[in-house]
>>> print(open('protein.tsv').read())   # TSV, C-alpha atoms
chain	number	residue	atom	x	y	z
Q	278	ARG	CA	16.70	-7.36	7.74
Q	279	LYS	CA	13.74	-5.79	5.98
Q	280	GLU	CA	11.20	-3.93	8.11
Q	281	VAL	CA	8.32	-6.09	6.92
Q	282	GLU	CA	8.85	-9.48	5.34
Q	283	GLN	CA	6.49	-11.83	3.56
Q	284	ASP	CA	6.93	-15.06	1.66
Q	285	PRO	CA	6.07	-14.06	-1.92
Q	286	GLY	CA	4.66	-17.53	-2.72
Q	287	PRO	CA	2.75	-18.30	-4.81
Q	288	PHE	CA	0.59	-20.44	-2.61
Q	289	ASN	CA	-1.39	-22.79	-4.86
Q	290	VAL	CA	-4.39	-24.29	-3.09
Q	291	PRO	CA	-7.57	-26.07	-4.17
Q	292	GLU	CA	-10.99	-24.60	-3.56
Q	293	GLY	CA	-12.15	-25.30	-0.04
Q	294	ALA	CA	-8.67	-25.47	1.43
Q	295	THR	CA	-7.47	-23.55	4.45
Q	296	VAL	CA	-4.37	-21.45	3.90
Q	297	ALA	CA	-2.31	-19.27	6.22
Q	298	PHE	CA	0.21	-16.51	5.58
Q	299	ASN	CA	2.63	-14.93	7.99
Q	300	CYS	CA	4.25	-11.53	7.95
Q	301	THR	CA	7.20	-10.67	10.18
Q	302	TYR	CA	8.17	-7.17	11.25
Q	303	SER	CA	11.44	-5.92	12.67
Q	304	ASN	CA	10.43	-2.93	14.81
Q	305	SER	CA	9.09	-4.08	18.16
Q	306	ALA	CA	7.61	-0.61	18.73
Q	307	SER	CA	5.10	-1.08	15.90
Q	308	GLN	CA	1.55	-0.42	16.98
Q	309	SER	CA	-0.72	-0.84	13.97
Q	310	PHE	CA	-1.10	-3.85	11.73
Q	311	PHE	CA	-3.18	-4.49	8.63
Q	312	TRP	CA	-3.83	-6.92	5.81
Q	313	TYR	CA	-4.59	-5.57	2.36
Q	314	ARG	CA	-5.70	-7.45	-0.71
Q	315	GLN	CA	-4.43	-6.50	-4.17
Q	316	ASP	CA	-5.88	-7.98	-7.32
Q	317	CYS	CA	-3.75	-8.13	-10.46
Q	318	ARG	CA	-3.05	-4.64	-11.79
Q	319	LYS	CA	-5.42	-3.07	-9.28
Q	320	GLU	CA	-4.92	-0.97	-6.17
Q	321	PRO	CA	-4.55	-2.46	-2.68
Q	322	LYS	CA	-7.74	-2.57	-0.64
Q	323	LEU	CA	-7.96	-2.94	3.11
Q	324	LEU	CA	-8.97	-6.46	4.06
Q	325	MET	CA	-8.79	-6.16	7.82
Q	326	SER	CA	-7.01	-4.54	10.70
Q	327	VAL	CA	-5.17	-6.80	13.11
Q	328	TYR	CA	-5.81	-6.31	16.80
Q	329	SER	CA	-3.91	-7.67	19.77
Q	330	SER	CA	-6.82	-9.94	20.60
Q	331	GLY	CA	-7.06	-11.18	17.04
Q	332	ASN	CA	-10.06	-10.65	14.83
Q	333	GLU	CA	-12.27	-12.57	12.50
Q	334	ASP	CA	-14.33	-11.54	9.50
Q	335	GLY	CA	-16.21	-14.42	7.95
Q	336	ARG	CA	-13.70	-16.86	6.52
Q	337	PHE	CA	-10.76	-14.60	7.38
Q	338	THR	CA	-8.94	-14.56	10.71
Q	339	ALA	CA	-6.03	-12.30	11.56
Q	340	GLN	CA	-3.77	-12.64	14.56
Q	341	LEU	CA	-0.88	-10.74	16.08
Q	342	ASN	CA	2.03	-12.32	17.91
Q	343	ARG	CA	4.00	-9.51	19.51
Q	344	ALA	CA	6.50	-11.79	21.21
Q	345	SER	CA	7.63	-13.26	17.91
Q	346	GLN	CA	6.85	-10.10	15.93
Q	347	TYR	CA	4.59	-11.46	13.27
Q	348	ILE	CA	1.02	-11.22	12.09
Q	349	SER	CA	-0.90	-13.97	10.38
Q	350	LEU	CA	-3.87	-14.28	8.05
Q	351	LEU	CA	-5.90	-17.47	7.88
Q	352	ILE	CA	-8.36	-18.06	5.07
Q	353	ARG	CA	-10.80	-20.91	5.48
Q	354	ASP	CA	-12.83	-22.57	2.73
Q	355	SER	CA	-10.87	-20.82	-0.03
Q	356	LYS	CA	-12.82	-19.54	-3.03
Q	357	LEU	CA	-11.58	-18.96	-6.55
Q	358	SER	CA	-12.26	-15.28	-5.94
Q	359	ASP	CA	-9.73	-15.25	-3.10
Q	360	SER	CA	-6.93	-15.45	-5.68
Q	361	ALA	CA	-4.95	-12.26	-5.19
Q	362	THR	CA	-1.84	-10.86	-3.55
Q	363	TYR	CA	-2.12	-10.27	0.19
Q	364	LEU	CA	-0.05	-7.40	1.54
Q	365	CYS	CA	0.67	-6.85	5.18
Q	366	ALA	CA	1.24	-3.33	6.49
Q	367	VAL	CA	2.86	-2.38	9.76
Q	368	GLY	CA	3.13	1.06	11.31
Q	369	GLY	CA	2.42	3.29	14.25
Q	370	VAL	CA	6.00	3.60	15.47
Q	371	GLY	CA	6.28	6.75	17.53
Q	372	GLY	CA	2.77	7.76	16.57
Q	373	SER	CA	3.59	7.68	12.86
Q	374	TYR	CA	0.62	7.30	10.52
Q	375	ILE	CA	2.81	5.91	7.78
Q	376	PRO	CA	2.60	2.14	7.34
Q	377	THR	CA	5.34	0.03	5.80
Q	378	PHE	CA	4.14	-2.60	3.37
Q	379	GLY	CA	5.53	-6.04	2.75
Q	380	ARG	CA	6.07	-7.28	-0.78
Q	381	GLY	CA	2.93	-9.39	-0.64
Q	382	THR	CA	2.08	-13.07	-0.79
Q	383	SER	CA	0.46	-14.40	-3.93
Q	384	LEU	CA	-2.45	-16.81	-3.51
Q	385	ILE	CA	-3.83	-18.87	-6.36
Q	386	VAL	CA	-6.96	-20.88	-5.66
Q	387	HIS	CA	-7.67	-23.52	-8.31
Q	388	PRO	CA	-10.78	-25.62	-8.98
M	63	ASP	CA	-19.27	8.86	-2.56
M	64	ALA	CA	-16.26	9.09	-4.83
M	65	GLY	CA	-13.15	7.26	-3.79
M	66	VAL	CA	-9.61	8.41	-4.32
M	67	THR	CA	-9.17	9.57	-7.90
M	68	GLN	CA	-5.88	9.76	-9.75
M	69	SER	CA	-4.94	11.14	-13.11
M	70	PRO	CA	-3.73	10.25	-15.60
M	71	THR	CA	-4.25	6.48	-15.53
M	72	HIS	CA	-1.38	5.76	-17.87
M	73	LEU	CA	1.60	7.79	-18.96
M	74	ILE	CA	4.54	7.18	-21.27
M	75	LYS	CA	7.58	9.42	-20.96
M	76	THR	CA	11.18	9.35	-22.10
M	77	ARG	CA	14.29	9.57	-19.96
M	78	GLY	CA	15.05	13.05	-18.71
M	79	GLN	CA	11.48	14.30	-18.95
M	80	HIS	CA	9.36	15.57	-16.11
M	81	VAL	CA	6.00	14.21	-14.96
M	82	THR	CA	3.18	15.45	-12.73
M	83	LEU	CA	0.70	13.05	-11.22
M	84	ARG	CA	-2.51	14.19	-9.56
M	85	CYS	CA	-4.66	12.87	-6.78
M	86	SER	CA	-7.97	13.83	-5.18
M	87	PRO	CA	-8.64	12.25	-1.78
M	88	ILE	CA	-11.90	10.94	-0.43
M	89	SER	CA	-14.10	13.79	0.72
M	90	GLY	CA	-13.29	14.60	4.33
M	91	HIS	CA	-9.84	13.01	4.25
M	92	LYS	CA	-7.10	15.50	4.97
M	93	SER	CA	-4.09	13.23	4.60
M	94	VAL	CA	-2.64	12.09	1.29
M	95	SER	CA	0.23	9.67	0.79
M	96	TRP	CA	2.13	8.69	-2.33
M	97	TYR	CA	3.59	5.26	-2.99
M	98	GLN	CA	5.63	3.69	-5.77
M	99	GLN	CA	4.99	0.06	-6.60
M	100	VAL	CA	7.15	-1.90	-8.98
M	101	LEU	CA	6.16	-5.34	-10.23
M	102	GLY	CA	6.49	-8.02	-7.57
M	103	GLN	CA	7.02	-5.59	-4.71
M	104	GLY	CA	4.81	-3.90	-2.16
M	105	PRO	CA	4.05	-0.19	-2.24
M	106	GLN	CA	7.08	1.89	-1.24
M	107	PHE	CA	6.32	5.07	0.67
M	108	ILE	CA	7.34	8.34	-1.02
M	109	PHE	CA	5.54	11.19	0.79
M	110	GLN	CA	2.73	11.92	3.18
M	111	TYR	CA	0.97	15.26	3.51
M	112	TYR	CA	-1.50	16.38	6.12
M	113	GLU	CA	-3.17	19.77	6.11
M	114	LYS	CA	-0.77	20.89	3.36
M	115	GLU	CA	2.29	20.08	5.46
M	116	GLU	CA	4.74	17.32	4.68
M	117	ARG	CA	4.49	14.76	7.46
M	118	GLY	CA	6.84	12.15	6.12
M	119	ARG	CA	9.26	11.43	3.34
M	120	GLY	CA	10.52	8.05	2.19
M	121	ASN	CA	13.92	7.12	0.83
M	122	PHE	CA	13.56	8.68	-2.61
M	123	PRO	CA	15.89	11.13	-4.38
M	124	ASP	CA	15.25	14.86	-4.54
M	125	ARG	CA	13.95	14.41	-8.08
M	126	PHE	CA	10.70	13.46	-6.36
M	127	SER	CA	8.62	16.25	-4.88
M	128	ALA	CA	5.02	16.72	-3.89
M	129	ARG	CA	2.59	19.22	-2.53
M	130	GLN	CA	-0.93	19.37	-1.17
M	131	PHE	CA	-3.43	22.06	-2.02
M	132	PRO	CA	-6.02	23.80	0.17
M	133	ASN	CA	-8.72	21.43	-1.12
M	134	TYR	CA	-6.48	18.52	0.03
M	135	SER	CA	-5.76	17.31	-3.49
M	136	SER	CA	-2.13	16.58	-4.19
M	137	GLU	CA	0.48	16.47	-6.92
M	138	LEU	CA	3.55	14.28	-7.20
M	139	ASN	CA	6.31	15.60	-9.43
M	140	VAL	CA	9.24	13.62	-10.73
M	141	ASN	CA	12.07	15.36	-12.58
M	142	ALA	CA	14.78	13.94	-14.84
M	143	LEU	CA	13.00	10.64	-15.28
M	144	LEU	CA	15.04	7.44	-15.25
M	145	LEU	CA	14.10	4.05	-16.64
M	146	GLY	CA	13.89	2.80	-13.07
M	147	ASP	CA	11.07	5.24	-12.33
M	148	SER	CA	8.74	3.04	-14.36
M	149	ALA	CA	6.15	1.84	-11.86
M	150	LEU	CA	2.62	2.12	-10.61
M	151	TYR	CA	2.25	5.29	-8.57
M	152	LEU	CA	-0.43	5.01	-5.94
M	153	CYS	CA	-2.08	7.77	-4.02
M	154	ALA	CA	-3.82	6.98	-0.74
M	155	SER	CA	-5.95	9.12	1.50
M	156	SER	CA	-6.66	8.59	5.16
M	157	LEU	CA	-8.57	10.07	8.04
M	158	ALA	CA	-6.55	12.02	10.53
M	159	GLY	CA	-5.93	10.03	13.66
M	160	VAL	CA	-6.55	6.65	12.09
M	161	ALA	CA	-3.07	5.26	11.90
M	162	GLY	CA	-2.23	3.15	8.95
M	163	ILE	CA	-5.56	2.68	7.19
M	164	GLN	CA	-5.00	3.83	3.66
M	165	TYR	CA	-7.61	4.10	0.92
M	166	PHE	CA	-5.87	3.79	-2.41
M	167	GLY	CA	-6.67	5.22	-5.79
M	168	ALA	CA	-6.37	3.08	-8.91
M	169	GLY	CA	-2.92	4.48	-9.57
M	170	THR	CA	-1.01	5.98	-12.46
M	171	ARG	CA	1.02	3.54	-14.47
M	172	LEU	CA	4.17	5.33	-15.61
M	173	SER	CA	6.41	3.90	-18.31
M	174	VAL	CA	9.75	5.58	-18.94
M	175	LEU	CA	11.37	4.69	-22.27
>>> encode(input="protein.tsv", output="structure tokens")
Amino acid sequence: RKEVEQDPGPFNVPEGATVAFNCTYSNSASQSFFWYRQDCRKEPKLLMSVYSSGNEDGRFTAQLNRASQYISLLIRDSKLSDSATYLCAVGGVGGSYIPTFGRGTSLIVHP
Amino acid sequence: DAGVTQSPTHLIKTRGQHVTLRCSPISGHKSVSWYQQVLGQGPQFIFQYYEKEERGRGNFPDRFSARQFPNYSSELNVNALLLGDSALYLCASSLAGVAGIQYFGAGTRLSVL
């Protein structure tokens, strides 16, 4: 089993739709969780950290489910500009500062 | 403030050659990490340096090496290039004590022919 797994997609959704991605991780000792966004042929950029209590930033909501070992990202009211690959990153095992990235989930928002 | 800068942006090499990639972190960041990203995959961890010391090494062959300089900039060296080394090489800097948050440079796109 891979350390961090994501459905590669693509997820094709119309503008205004709500879409959710999950990311599962194998190491139950993981302590830090993140979502990054990567546009085509660009570098990944931090979208949001994921806290135990969940967190929200505008149209984006991230949640952590430790029992089932996954994190989720919900995007409401999708915009064309949300089209990108969304990478999850998991780390913090044994105090490590080195996150492991998933392969990413591709989102395509169409008019 | 300048972000993470990498050079060169693109590079074409032939099999067996050697390559050196360079990275300057965000001012004030003392940790630099290197990642390899092939098409359709997430970034794969190669090395992390903090205060000029190697803090972590990923599952890459000894042909890959790196170092960090006193000004916290870093170099990634790859010897005896193989076709499979063709990828986007990303450098990321981070603040000490902030686990996992990486600020990436635009990357060096390496093509090995």
>>> closest_residue(input="protein.tsv", among="Q:Asn332, Q:Ser349, Q:Gln308, Q:Ser303", to="Q:Gly368", atoms="all atoms listed in the file")
Q:Gln308
>>> closest_residue(input="protein.tsv", among="Q:Gly331, Q:Pro291, Q:Pro376, Q:Pro285", to="M:Tyr97", atoms="only C-alpha atoms")
Q:Pro376
>>> closest_residue(input="protein.tsv", among="Q:Asn289, Q:His387, Q:Arg318, Q:Ala294", to="M:Leu150", atoms="all atoms listed in the file")
Q:Arg318
>>> residues_around(input="protein.tsv", residues="Q:Val367", least_positions_apart="6", cutoff="7 Å", atoms="only C-alpha atoms", output="ChimeraX atom specification")
/Q:307,309-311,376-378
>>> write_last_selection(input="protein.tsv", atoms="C-alpha atoms", output="PDB file, keeping the file's coordinate frame")
ATOM      1  CA  SER Q 307       5.100  -1.080  15.900  1.00  0.00           C
ATOM      2  CA  SER Q 309      -0.720  -0.840  13.970  1.00  0.00           C
ATOM      3  CA  PHE Q 310      -1.100  -3.850  11.730  1.00  0.00           C
ATOM      4  CA  PHE Q 311      -3.180  -4.490   8.630  1.00  0.00           C
ATOM      5  CA  PRO Q 376       2.600   2.140   7.340  1.00  0.00           C
ATOM      6  CA  THR Q 377       5.340   0.030   5.800  1.00  0.00           C
ATOM      7  CA  PHE Q 378       4.140  -2.600   3.370  1.00  0.00           C
TER       8      PHE Q 378
END
>>> interface_residues(input="protein.tsv", of="chain M", to="chain Q", cutoff="7 Å", atoms="all atoms listed in the file", output="ChimeraX atom specification")
/M:102-105,161-162,165-169
>>> residues_around(input="protein.tsv", residues="Q:Asp334", least_positions_apart="2", cutoff="12 Å", atoms="all atoms listed in the file", output="ChimeraX atom specification")
/Q:324-327,331-332,336-340,350-353
>>> residues_around(input="protein.tsv", residues="stretch 111-126 of chain M", least_positions_apart="3", cutoff="10 Å", atoms="all atoms listed in the file", output="NGL selection string")
(:Q and (373-375)) or (:M and (80-81 or 91-98 or 106-108 or 129-136 or 138-143 or 155-158))
>>> atom_distance(input="protein.tsv", atom1="atom CA of Q:Asn342", atom2="atom CA of M:Val100")
29.3 Å
>>> atom_distance(input="protein.tsv", atom1="atom CA of Q:Leu384", atom2="atom CA of M:Thr170")
24.5 Å
>>> atom_distance(input="protein.tsv", atom1="atom CA of Q:Ser329", atom2="atom CA of Q:Ser345")
13.0 Å
>>> closest_residue(input="protein.tsv", among="Q:Ala306, Q:Cys317, Q:Phe298, Q:Gly293", to="Q:Glu280", atoms="all atoms listed in the file")
Q:Ala306
>>> residues_around(input="protein.tsv", residues="Q:Pro388", least_positions_apart="2", cutoff="10 Å", atoms="only C-alpha atoms", output="ChimeraX atom specification")
/Q:290-293,356-357,386
